[in-house]
Every structure is written in structure tokens, then in C-alpha cells.
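Structure file model-v6.cif (mmCIF, C-alpha atoms) follows.
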data_query
#
loop_
_atom_site.label_atom_id
_atom_site.label_comp_id
_atom_site.auth_asym_id
_atom_site.auth_seq_id
_atom_site.Cartn_x
_atom_site.Cartn_y
_atom_site.Cartn_z
CA MET V 1 31.56 -26.10 -5.56
CA THR V 2 32.39 -22.45 -5.22
CA ALA V 3 34.45 -21.21 -2.30
CA LEU V 4 32.75 -20.10 0.89
CA LEU V 5 32.49 -16.33 1.14
CA TYR V 6 33.44 -14.38 4.24
CA LEU V 7 32.55 -10.81 5.12
CA ASP V 8 35.87 -9.75 3.58
CA ASP V 9 34.79 -11.18 0.21
CA LEU V 10 31.52 -9.26 0.03
CA ALA V 11 30.88 -5.75 -1.27
CA ALA V 12 27.96 -3.47 -1.98
CA GLY V 13 26.60 -3.98 -5.48
CA MET V 14 27.00 -7.74 -5.60
CA ALA V 15 23.68 -9.03 -6.91
CA PHE V 16 21.95 -12.19 -8.04
CA THR V 17 18.54 -13.46 -9.09
CA ASN V 18 16.81 -16.77 -8.49
CA GLY V 19 13.50 -18.24 -9.56
CA PRO V 20 10.86 -18.39 -10.67
CA VAL V 21 9.01 -20.57 -8.20
CA THR V 22 5.26 -21.04 -8.62
CA ILE V 23 2.96 -20.94 -5.62
CA THR V 24 -0.10 -23.18 -5.82
CA ALA V 25 -3.52 -22.92 -4.16
CA ASP V 26 -2.81 -26.09 -2.17
CA GLU V 27 0.47 -24.68 -0.88
CA ILE V 28 -1.21 -21.39 0.08
CA LYS V 29 -3.91 -23.27 2.03
CA ALA V 30 -1.46 -25.66 3.72
CA PHE V 31 0.77 -22.82 4.90
CA ALA V 32 -2.23 -20.82 6.09
CA ALA V 33 -3.75 -23.76 7.98
CA GLN V 34 -0.52 -24.05 9.94
CA PHE V 35 0.48 -20.42 10.42
CA ASP V 36 -2.09 -17.89 9.21
CA PRO V 37 -5.60 -19.38 9.39
CA GLN V 38 -7.63 -16.57 7.88
CA PRO V 39 -10.47 -17.16 5.37
CA PHE V 40 -8.79 -15.29 2.47
CA HIS V 41 -5.80 -17.65 2.71
CA LEU V 42 -7.86 -20.84 3.17
CA ASP V 43 -10.89 -20.75 0.92
CA GLU V 44 -11.42 -19.49 -2.65
CA ASP V 45 -15.00 -18.30 -2.06
CA ALA V 46 -14.20 -16.42 1.14
CA ALA V 47 -11.14 -14.94 -0.60
CA ALA V 48 -13.22 -13.76 -3.56
CA ALA V 49 -15.41 -11.76 -1.16
CA SER V 50 -12.43 -10.32 0.75
CA PHE V 51 -10.10 -7.35 0.32
CA PHE V 52 -7.91 -9.57 -1.87
CA GLY V 53 -10.60 -10.67 -4.33
CA GLY V 54 -9.01 -14.10 -4.72
CA LEU V 55 -7.03 -16.74 -2.84
CA ALA V 56 -3.94 -14.90 -1.60
CA ALA V 57 -0.80 -16.18 0.10
CA SER V 58 0.07 -15.22 3.65
CA GLY V 59 2.76 -12.59 3.61
CA TRP V 60 4.84 -14.93 5.77
CA HIS V 61 4.52 -17.57 3.05
CA THR V 62 5.84 -15.07 0.49
CA ALA V 63 8.66 -14.17 2.88
CA SER V 64 9.50 -17.83 3.46
CA LEU V 65 9.60 -18.52 -0.29
CA GLY V 66 11.91 -15.53 -0.66
CA MET V 67 14.19 -17.13 1.91
CA ARG V 68 14.20 -20.35 -0.11
CA LEU V 69 15.22 -18.43 -3.23
CA LEU V 70 17.93 -16.62 -1.25
CA VAL V 71 19.38 -19.75 0.36
CA THR V 72 19.27 -21.87 -2.80
CA GLY V 73 20.43 -19.21 -5.25
CA GLY V 74 22.56 -16.76 -3.33
CA PRO V 75 26.29 -16.65 -2.72
CA ARG V 76 27.64 -19.40 -0.46
CA LEU V 77 28.19 -17.48 2.74
CA ALA V 78 30.55 -18.92 5.33
CA GLY V 79 28.36 -19.69 8.30
CA GLY V 80 25.21 -19.68 6.17
CA TYR V 81 22.42 -17.13 6.06
CA ILE V 82 21.90 -16.03 9.66
CA GLY V 83 19.38 -13.24 9.84
CA ALA V 84 19.40 -10.58 12.53
CA GLY V 85 16.25 -8.96 11.23
CA GLY V 86 15.07 -6.56 8.59
CA GLU V 87 12.43 -4.25 7.19
CA LEU V 88 9.69 -5.99 5.29
CA SER V 89 7.05 -4.55 2.96
CA TRP V 90 4.31 -6.40 1.13
CA THR V 91 3.49 -4.22 -1.83
CA GLN V 92 1.08 -6.42 -3.82
CA PRO V 93 -0.88 -9.57 -2.97
CA VAL V 94 0.48 -12.93 -4.14
CA TYR V 95 -2.21 -15.12 -5.68
CA ALA V 96 -2.45 -18.84 -6.38
CA GLY V 97 -0.57 -19.62 -9.57
CA ASP V 98 1.78 -16.66 -9.32
CA SER V 99 5.45 -17.27 -10.16
CA LEU V 100 7.93 -15.46 -7.97
CA THR V 101 11.47 -14.38 -8.73
CA LEU V 102 13.94 -12.94 -6.23
CA ARG V 103 16.44 -10.23 -7.02
CA ALA V 104 18.87 -9.54 -4.21
CA GLU V 105 21.71 -7.07 -3.89
CA ILE V 106 24.18 -6.34 -1.12
CA VAL V 107 23.81 -2.71 -0.06
CA GLU V 108 26.20 -2.53 2.90
CA VAL V 109 29.03 -4.55 4.46
CA LYS V 110 29.90 -3.44 7.97
CA PRO V 111 32.48 -5.10 10.24
CA SER V 112 31.37 -5.27 13.86
CA ARG V 113 33.14 -2.91 16.25
CA SER V 114 32.63 -5.10 19.30
CA ARG V 115 33.15 -8.51 17.65
CA PRO V 116 36.22 -8.63 15.40
CA ASP V 117 35.28 -12.09 14.06
CA ARG V 118 32.10 -10.97 12.30
CA GLY V 119 30.07 -8.22 10.71
CA ILE V 120 26.66 -7.32 9.38
CA VAL V 121 25.72 -7.48 5.71
CA THR V 122 22.62 -5.57 4.62
CA MET V 123 20.91 -7.02 1.57
CA ARG V 124 17.96 -5.68 -0.37
CA ALA V 125 15.87 -8.65 -1.52
CA GLU V 126 12.98 -7.90 -3.85
CA THR V 127 10.41 -10.47 -4.92
CA PHE V 128 8.57 -9.98 -8.21
CA ASN V 129 5.62 -11.82 -9.75
CA GLN V 130 5.37 -13.06 -13.34
CA ARG V 131 4.22 -9.61 -14.50
CA GLY V 132 7.32 -7.99 -13.03
CA GLU V 133 5.32 -6.38 -10.20
CA LEU V 134 7.10 -6.01 -6.87
CA VAL V 135 5.23 -8.12 -4.30
CA GLN V 136 7.70 -7.95 -1.41
CA LYS V 137 10.68 -5.88 -0.44
CA LEU V 138 13.01 -6.94 2.34
CA LEU V 139 16.00 -5.07 3.64
CA ALA V 140 17.69 -7.85 5.58
CA ARG V 141 20.51 -7.67 8.11
CA MET V 142 22.63 -10.81 8.24
CA MET V 143 25.51 -11.87 10.44
CA VAL V 144 28.54 -13.01 8.41
CA PRO V 145 31.87 -14.19 9.84
CA ARG V 146 35.16 -12.56 8.86
CA ARG V 147 37.85 -14.66 7.24
CA PRO V 148 39.86 -16.30 10.04
CA VAL V 149 43.36 -14.88 10.38
CA ALA V 150 46.12 -17.45 9.91
CA ALA V 151 47.75 -18.23 13.26
CA MET L 152 -18.52 -14.38 19.34
CA THR L 153 -17.17 -10.93 20.02
CA ALA L 154 -17.97 -8.05 17.69
CA LEU L 155 -15.69 -7.26 14.78
CA LEU L 156 -13.39 -4.35 15.47
CA TYR L 157 -12.89 -1.48 13.04
CA LEU L 158 -10.11 1.09 13.02
CA ASP L 159 -12.41 3.38 15.02
CA ASP L 160 -12.56 0.78 17.83
CA LEU L 161 -8.78 0.49 18.25
CA ALA L 162 -6.44 2.60 20.33
CA ALA L 163 -2.81 2.64 21.37
CA GLY L 164 -2.22 0.61 24.51
CA MET L 165 -4.64 -2.22 23.72
CA ALA L 166 -2.66 -5.40 24.39
CA PHE L 167 -3.05 -9.15 24.55
CA THR L 168 -0.99 -12.28 24.97
CA ASN L 169 -1.31 -15.73 23.42
CA GLY L 170 0.54 -18.99 23.85
CA PRO L 171 2.58 -20.85 24.66
CA VAL L 172 3.11 -22.97 21.58
CA THR L 173 5.95 -25.51 21.59
CA ILE L 174 8.16 -25.94 18.53
CA THR L 175 9.46 -29.45 17.92
CA ALA L 176 12.58 -30.69 16.13
CA ASP L 177 10.41 -32.32 13.46
CA GLU L 178 8.55 -29.06 12.82
CA ILE L 179 11.83 -27.14 12.59
CA LYS L 180 13.19 -29.62 10.04
CA ALA L 181 9.97 -29.75 7.98
CA PHE L 182 9.77 -25.96 7.74
CA ALA L 183 13.45 -25.72 6.86
CA ALA L 184 13.25 -28.41 4.18
CA GLN L 185 10.55 -26.39 2.47
CA PHE L 186 11.75 -22.82 3.01
CA ASP L 187 15.18 -22.51 4.61
CA PRO L 188 17.29 -25.58 3.79
CA GLN L 189 20.41 -24.83 5.83
CA PRO L 190 22.26 -27.50 7.85
CA PHE L 191 21.67 -25.82 11.25
CA HIS L 192 17.89 -26.02 10.65
CA LEU L 193 17.90 -29.57 9.24
CA ASP L 194 20.30 -31.72 11.21
CA GLU L 195 21.17 -31.92 14.91
CA ASP L 196 24.83 -32.77 14.36
CA ALA L 197 25.44 -30.03 11.82
CA ALA L 198 23.57 -27.62 14.11
CA ALA L 199 25.71 -28.56 17.11
CA ALA L 200 28.83 -27.57 15.14
CA SER L 201 27.29 -24.30 13.89
CA PHE L 202 26.94 -20.77 15.23
CA PHE L 203 23.72 -21.89 16.96
CA GLY L 204 25.19 -24.88 18.83
CA GLY L 205 21.93 -26.82 18.47
CA LEU L 206 18.99 -27.36 16.15
CA ALA L 207 17.52 -23.89 15.65
CA ALA L 208 14.34 -22.76 13.94
CA SER L 209 14.41 -20.62 10.82
CA GLY L 210 13.61 -17.04 11.72
CA TRP L 211 10.75 -17.23 9.22
CA HIS L 212 9.38 -20.18 11.14
CA THR L 213 9.46 -18.12 14.34
CA ALA L 214 7.78 -15.26 12.49
CA SER L 215 5.11 -17.57 11.07
CA LEU L 216 4.36 -19.00 14.52
CA GLY L 217 4.06 -15.45 15.81
CA MET L 218 1.47 -14.81 13.11
CA ARG L 219 -0.45 -17.89 14.24
CA LEU L 220 -0.49 -16.59 17.81
CA LEU L 221 -1.61 -13.17 16.57
CA VAL L 222 -4.41 -14.45 14.33
CA THR L 223 -5.73 -16.99 16.82
CA GLY L 224 -5.43 -14.87 19.94
CA GLY L 225 -5.69 -11.25 18.90
CA PRO L 226 -8.70 -8.96 18.61
CA ARG L 227 -11.16 -9.85 15.86
CA LEU L 228 -10.30 -7.21 13.29
CA ALA L 229 -12.86 -6.40 10.62
CA GLY L 230 -11.24 -7.47 7.37
CA GLY L 231 -8.78 -9.72 9.19
CA TYR L 232 -5.05 -9.27 9.73
CA ILE L 233 -3.75 -7.76 6.50
CA GLY L 234 -0.10 -6.86 6.84
CA ALA L 235 1.53 -4.05 4.92
CA GLY L 236 4.95 -4.82 6.36
CA GLY L 237 7.05 -4.22 9.41
CA GLU L 238 10.39 -4.20 11.14
CA LEU L 239 11.59 -7.56 12.32
CA SER L 240 14.40 -8.45 14.72
CA TRP L 241 15.51 -11.89 15.80
CA THR L 242 17.17 -11.36 19.15
CA GLN L 243 17.82 -14.93 20.33
CA PRO L 244 17.79 -18.31 18.57
CA VAL L 245 14.73 -20.54 18.94
CA TYR L 246 15.66 -24.15 19.67
CA ALA L 247 13.76 -27.42 19.37
CA GLY L 248 11.51 -27.81 22.40
CA ASP L 249 11.20 -24.09 23.09
CA SER L 250 7.75 -22.79 24.03
CA LEU L 251 6.85 -19.42 22.56
CA THR L 252 4.42 -16.81 23.86
CA LEU L 253 3.34 -13.69 22.00
CA ARG L 254 2.69 -10.34 23.64
CA ALA L 255 1.25 -7.75 21.29
CA GLU L 256 0.27 -4.15 21.81
CA ILE L 257 -1.17 -1.51 19.53
CA VAL L 258 1.21 1.46 19.39
CA GLU L 259 -0.46 3.66 16.78
CA VAL L 260 -3.79 3.99 14.97
CA LYS L 261 -3.64 6.23 11.94
CA PRO L 262 -6.51 6.90 9.53
CA SER L 263 -5.42 7.08 5.92
CA ARG L 264 -5.43 10.55 4.33
CA SER L 265 -5.93 9.29 0.81
CA ARG L 266 -8.35 6.42 1.57
CA PRO L 267 -11.15 7.43 3.95
CA ASP L 268 -12.37 3.84 4.28
CA ARG L 269 -9.24 2.52 6.03
CA GLY L 270 -6.18 3.21 8.11
CA ILE L 271 -2.94 1.73 9.35
CA VAL L 272 -2.54 0.15 12.77
CA THR L 273 1.00 -0.31 14.06
CA MET L 274 1.38 -3.17 16.50
CA ARG L 275 4.43 -4.21 18.50
CA ALA L 276 4.45 -8.01 18.69
CA GLU L 277 7.10 -9.59 20.92
CA THR L 278 7.75 -13.31 21.10
CA PHE L 279 9.30 -14.77 24.25
CA ASN L 280 10.63 -18.23 25.01
CA GLN L 281 9.87 -20.27 28.15
CA ARG L 282 12.63 -18.45 30.05
CA GLY L 283 11.05 -15.08 29.29
CA GLU L 284 13.81 -14.18 26.83
CA LEU L 285 12.79 -12.07 23.85
CA VAL L 286 13.39 -14.12 20.69
CA GLN L 287 11.65 -11.91 18.14
CA LYS L 288 10.38 -8.38 17.95
CA LEU L 289 8.07 -7.25 15.18
CA LEU L 290 6.73 -3.77 14.64
CA ALA L 291 3.93 -4.57 12.18
CA ARG L 292 1.87 -2.25 10.01
CA MET L 293 -1.60 -3.55 9.26
CA MET L 294 -4.42 -2.27 7.08
CA VAL L 295 -7.70 -2.02 8.99
CA PRO L 296 -11.03 -0.78 7.56
CA ARG L 297 -12.95 2.07 9.16
CA ARG L 298 -16.47 1.48 10.39
CA PRO L 299 -18.84 2.01 7.45
CA VAL L 300 -20.93 5.14 7.78
CA ALA L 301 -24.68 4.51 7.80
CA ALA L 302 -26.16 5.69 4.50
#

Rewritten as C-alpha cells:
Amino acid sequence: MTALLYLDDLAAGMAFTNGPVTITADEIKAFAAQFDPQPFHLDEDAAAASFFGGLAASGWHTASLGMRLLVTGGPRLAGGYIGAGGELSWTQPVYAGDSLTLRAEIVEVKPSRSRPDRGIVTMRAETFNQRGELVQKLLARMMVPRRPVAA
Amino acid sequence: MTALLYLDDLAAGMAFTNGPVTITADEIKAFAAQFDPQPFHLDEDAAAASFFGGLAASGWHTASLGMRLLVTGGPRLAGGYIGAGGELSWTQPVYAGDSLTLRAEIVEVKPSRSRPDRGIVTMRAETFNQRGELVQKLLARMMVPRRPVAA
């Protein structure tokens, strides 16, 4: 067990990687059936005839797998990973059988002006496939508590 | 069946709503176990003691449900909903039992300069809970084909 990290323990430049995790055709279809029921995410033949040219994962599936890699491989933040939002780009399709790796780096640590018990950490989280191609870029804002002051 | 819509058929101001869809505790836990395994998404007691004060959905779960409401209730885009990315904000937690409604509106339609067969549509998609509180805001960029020119 490593110690829990507070805002005060974090700094720009801290980085980590996690993965790979492989995404299967069955997983792509199951996610799509629940959340993104479009033919190119549900059926190989329809996907082959689509913009993607093959069974492709929903971008939200790629994003969710990125979250798994962040939560299971990132620093142990006090309070956990609580997202406020972010900027998301899908730069390449993710296909069945692809193996995804996350590389994340803290780019800014900013104490809140209005709430002295917390701050916002901005993290750049990039997901790559097995060929090293960037498939998703996320600039995420997360709420992180400050280290409690001894009474 | 309504006709498929091309970039040329879309304009800023077009809007629609879809929902509500209710999110259950079991769905929150199942999503979290797969993609966001943090105590406040997995266990009522841990959640009660957390920042959220109750079992809360992963933001990616909320985003994925928003996609379902977009795909199943939005205009029938030629080529489907193919996201390039977007700006995402989670403005309120989503709790077990909440009912979510999506309101989406096209804010910009922009033909591509480099690719005459397509363009980018920017859509503001807001998700509200049953009390009318905004829980998620997404400004999404989507790739939409132009209407093919008759040969």
C-alpha cells in the first residue's frame, strides 16, 4: 500500500503508464448494445461497409477503458478520481482485437480560490493502440482534496 | 422511416429531446466494476462516507447514457453518429434512481475545407436529472457526410 496523495503531493510532470488491455469484438458489441447501438459497433458486415471499414468500438467505450486504466494504474489519490470534465478527442478508430495502453501526465495543479480544502488537477491522458498510434486524447480536470491541516 | 440527413440538411438551432431513462444501483455498480472500480461507484456504504454522500454513477456511465439518448432519439444522420471529440463537464453527481433526459441542439455546421465530402457538426448535448438540474454538458464535434452530388 502506498500512501494516499493529496493535492499538495502532486506536481506537473508526474506521469505513469498502464496497460495494455485488449478490446474484443464481443465487448465492443455488448457496450454498443447498451449505450451506442449503431450498426458499425454491432455487426461486422455493417461495419465493413461503413466509414470505419471494420467493427469499431464506441468512443465512449474507449473513454471508459481509459478510465479503467487510470483508476487501476494511476497514483492513489485521496478522495479517488472525481472528474469535473475535460476535453476529449478521438483521433483514430479502435477496432476489435486492438490493445490499448494509457499514458497519463499531470499538467497543472491548481488550489481552489473559493474552497481551501480542495483544488483542480489537470491531467493529459493519452490512449495508444498496439502500433503506438494515438486513438484518444483526454485533458481531464479532477477534483482533489488538500491535505487536512492538523488541528 | 424518416430520410437520412446529410450535412447539407442540418442547421444551427435544430434541437430535440429524449428520455427519461432511469439509472439503477445495479447498473451503476456493473458499469463501475467494468470501467471505474472506485468505492463510491461500487458500494452504498463506502459511497455514503465519500464526497458524493451516496451511490453515484461514473461520469463515463452518464456520458454513455447520454450517447444512448442521442443515438436513439436524435436525427437520423447519414453515416451515423461519428464523434471526433468534445468538451465534457459533469456539473452534478448522478445518483441511483435518477432519471436522465437529454436535450441536444446543433450549434454549428461547418463543411470541411480539405475534405469536400464531409463536414463537422457541433452539437450541445445537455443531460438533466428529474429535478431539472444539469448533470452533464457536452459540446460534441461529429463528422457528417455531405449529400453526394449526382454524377

For a cut-off of 6 Å around (16.9, -16.3, 13.4), file coordinates, pick out all residues using all atoms listed in the file and list them as a list in words.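 Output: Gly83 of chain V; Ser209, Gly210, Trp241 and Pro244 of chain L.
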
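Computed from the coordinates, the atom CA of V:Pro111 to atom CA of V:Leu77 distance equals 15.1 Å.
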
Residue hits in chain V, query chain L, radius 6 Å, only C-alpha atoms, as a list of chain:residue names: V:Phe35, V:Asp36, V:Trp60, V:Ser64, V:Leu65, V:Arg68, V:Ala84, V:Gly85, V:Gly86, V:Glu87, V:Leu88, V:Ser89, V:Trp90

Separation of atom CA of L:Leu285 from atom CA of L:Thr175, in Å and rounded to one decimal: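 That distance, rounded to one decimal, is 18.7 Å.
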
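Taking all atoms listed in the file into account, V:Glu108 lies nearest to V:Ala12 out of the set V:Ala12, V:Val21, V:Ala46, V:Ala150.
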
Please return, as a ChimeraX atom specification, all polymer residues that have at least one atom within 9 Å of the point (32.6, -4.4, 2.5); use all atoms listed in the file and the file's own coordinate frame. /V:7-12,108-111,121

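Going from atom CA of V:Ser112 to atom CA of V:Arg124 covers 19.6 Å.
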
Would you pick out the contacts of L:Phe279 at 6 Å or less, using all atoms listed in the file, so that residues sharing its chain but fewer than 2 positions from it are not included, and give the list as a ChimeraX atom specification? /L:251-252,283-286

Please dump the current selection as a compact mmCIF listing (two decimals), in the coordinates of the input; keep C-alpha atoms.
# COMPACT_ATOMS: atom_id res chain seq x y z
CA LEU L 251 6.85 -19.42 22.56
CA THR L 252 4.42 -16.81 23.86
CA GLY L 283 11.05 -15.08 29.29
CA GLU L 284 13.81 -14.18 26.83
CA LEU L 285 12.79 -12.07 23.85
CA VAL L 286 13.39 -14.12 20.69

Since I can't run it myself right now, could you work out what the PyMOL selection byres ((chain V and resi 118) around 7) selects here and report it as a list in words?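 Here the PyMOL selection byres ((chain V and resi 118) around 7) matches Pro111, Ser112, Arg115, Pro116, Asp117, Gly119, Met143, Val144, Pro145 and Arg146 of chain V.
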
How about saving the chosen residues, C-alpha atoms kept, as a compact mmCIF listing (two decimals), in the frame of the given file?
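New file again-v3.txt:
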# COMPACT_ATOMS: atom_id res chain seq x y z
CA PRO V 111 32.48 -5.10 10.24
CA SER V 112 31.37 -5.27 13.86
CA ARG V 115 33.15 -8.51 17.65
CA PRO V 116 36.22 -8.63 15.40
CA ASP V 117 35.28 -12.09 14.06
CA GLY V 119 30.07 -8.22 10.71
CA MET V 143 25.51 -11.87 10.44
CA VAL V 144 28.54 -13.01 8.41
CA PRO V 145 31.87 -14.19 9.84
CA ARG V 146 35.16 -12.56 8.86

With a distance cut-off of 7 Å and all atoms listed in the file, select the neighbouring residues of L:Glu256, excluding the residue or stretch itself and same-chain residues fewer than 2 positions from it, and output the selection as JSON, numbers by chain. {"L": [164, 165, 166, 167, 254, 258, 274, 275, 276]}

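Residues matching the PyMOL selection byres ((chain V and resi 23) around 8) in this structure come to V:Val21, V:Thr22, V:Thr24, V:Ala25, V:Glu27, V:Ile28, V:Tyr95, V:Ala96, V:Gly97, V:Asp98, V:Ser99, V:Leu100.
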
Could you please fill out stretch 243-266 of chain L with N, CA and C atoms and send it back as a compact mmCIF listing (two decimals), in the coordinates of the input?
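The resulting part_11.txt:
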# COMPACT_ATOMS: atom_id res chain seq x y z
N GLN L 243 17.26 -13.70 19.75
CA GLN L 243 17.82 -14.93 20.33
C GLN L 243 17.41 -16.09 19.42
N PRO L 244 18.23 -17.14 19.33
CA PRO L 244 17.79 -18.31 18.57
C PRO L 244 16.60 -18.99 19.25
N VAL L 245 15.80 -19.67 18.44
CA VAL L 245 14.73 -20.54 18.94
C VAL L 245 15.16 -21.97 18.69
N TYR L 246 15.17 -22.77 19.76
CA TYR L 246 15.66 -24.15 19.67
C TYR L 246 14.49 -25.14 19.75
N ALA L 247 14.75 -26.35 19.27
CA ALA L 247 13.76 -27.42 19.37
C ALA L 247 13.34 -27.59 20.83
N GLY L 248 12.05 -27.66 21.06
CA GLY L 248 11.51 -27.81 22.40
C GLY L 248 11.16 -26.50 23.08
N ASP L 249 11.55 -25.38 22.49
CA ASP L 249 11.20 -24.09 23.09
C ASP L 249 9.69 -23.86 23.01
N SER L 250 9.17 -23.16 24.00
CA SER L 250 7.75 -22.79 24.03
C SER L 250 7.65 -21.27 23.90
N LEU L 251 6.89 -20.84 22.91
CA LEU L 251 6.85 -19.42 22.56
C LEU L 251 5.51 -18.79 22.94
N THR L 252 5.61 -17.59 23.49
CA THR L 252 4.42 -16.81 23.86
C THR L 252 4.52 -15.46 23.18
N LEU L 253 3.39 -14.99 22.67
CA LEU L 253 3.34 -13.69 22.00
C LEU L 253 2.70 -12.66 22.93
N ARG L 254 3.33 -11.49 23.00
CA ARG L 254 2.69 -10.34 23.64
C ARG L 254 2.62 -9.23 22.62
N ALA L 255 1.43 -8.77 22.33
CA ALA L 255 1.25 -7.75 21.29
C ALA L 255 0.52 -6.56 21.85
N GLU L 256 0.88 -5.38 21.35
CA GLU L 256 0.27 -4.15 21.81
C GLU L 256 0.16 -3.16 20.65
N ILE L 257 -0.99 -2.54 20.55
CA ILE L 257 -1.17 -1.51 19.53
C ILE L 257 -0.40 -0.26 19.97
N VAL L 258 0.43 0.26 19.05
CA VAL L 258 1.21 1.46 19.39
C VAL L 258 0.74 2.69 18.63
N GLU L 259 0.04 2.50 17.52
CA GLU L 259 -0.46 3.66 16.78
C GLU L 259 -1.66 3.26 15.92
N VAL L 260 -2.62 4.16 15.83
CA VAL L 260 -3.79 3.99 14.97
C VAL L 260 -3.89 5.24 14.12
N LYS L 261 -3.78 5.07 12.81
CA LYS L 261 -3.64 6.23 11.94
C LYS L 261 -4.57 6.12 10.74
N PRO L 262 -5.63 6.92 10.71
CA PRO L 262 -6.51 6.90 9.53
C PRO L 262 -5.73 7.31 8.29
N SER L 263 -6.07 6.72 7.17
CA SER L 263 -5.42 7.08 5.92
C SER L 263 -5.91 8.45 5.45
N ARG L 264 -5.00 9.26 4.89
CA ARG L 264 -5.43 10.55 4.33
C ARG L 264 -6.05 10.36 2.96
N SER L 265 -5.47 9.43 2.19
CA SER L 265 -5.93 9.29 0.81
C SER L 265 -7.12 8.34 0.68
N ARG L 266 -7.28 7.43 1.66
CA ARG L 266 -8.35 6.42 1.57
C ARG L 266 -9.22 6.51 2.82
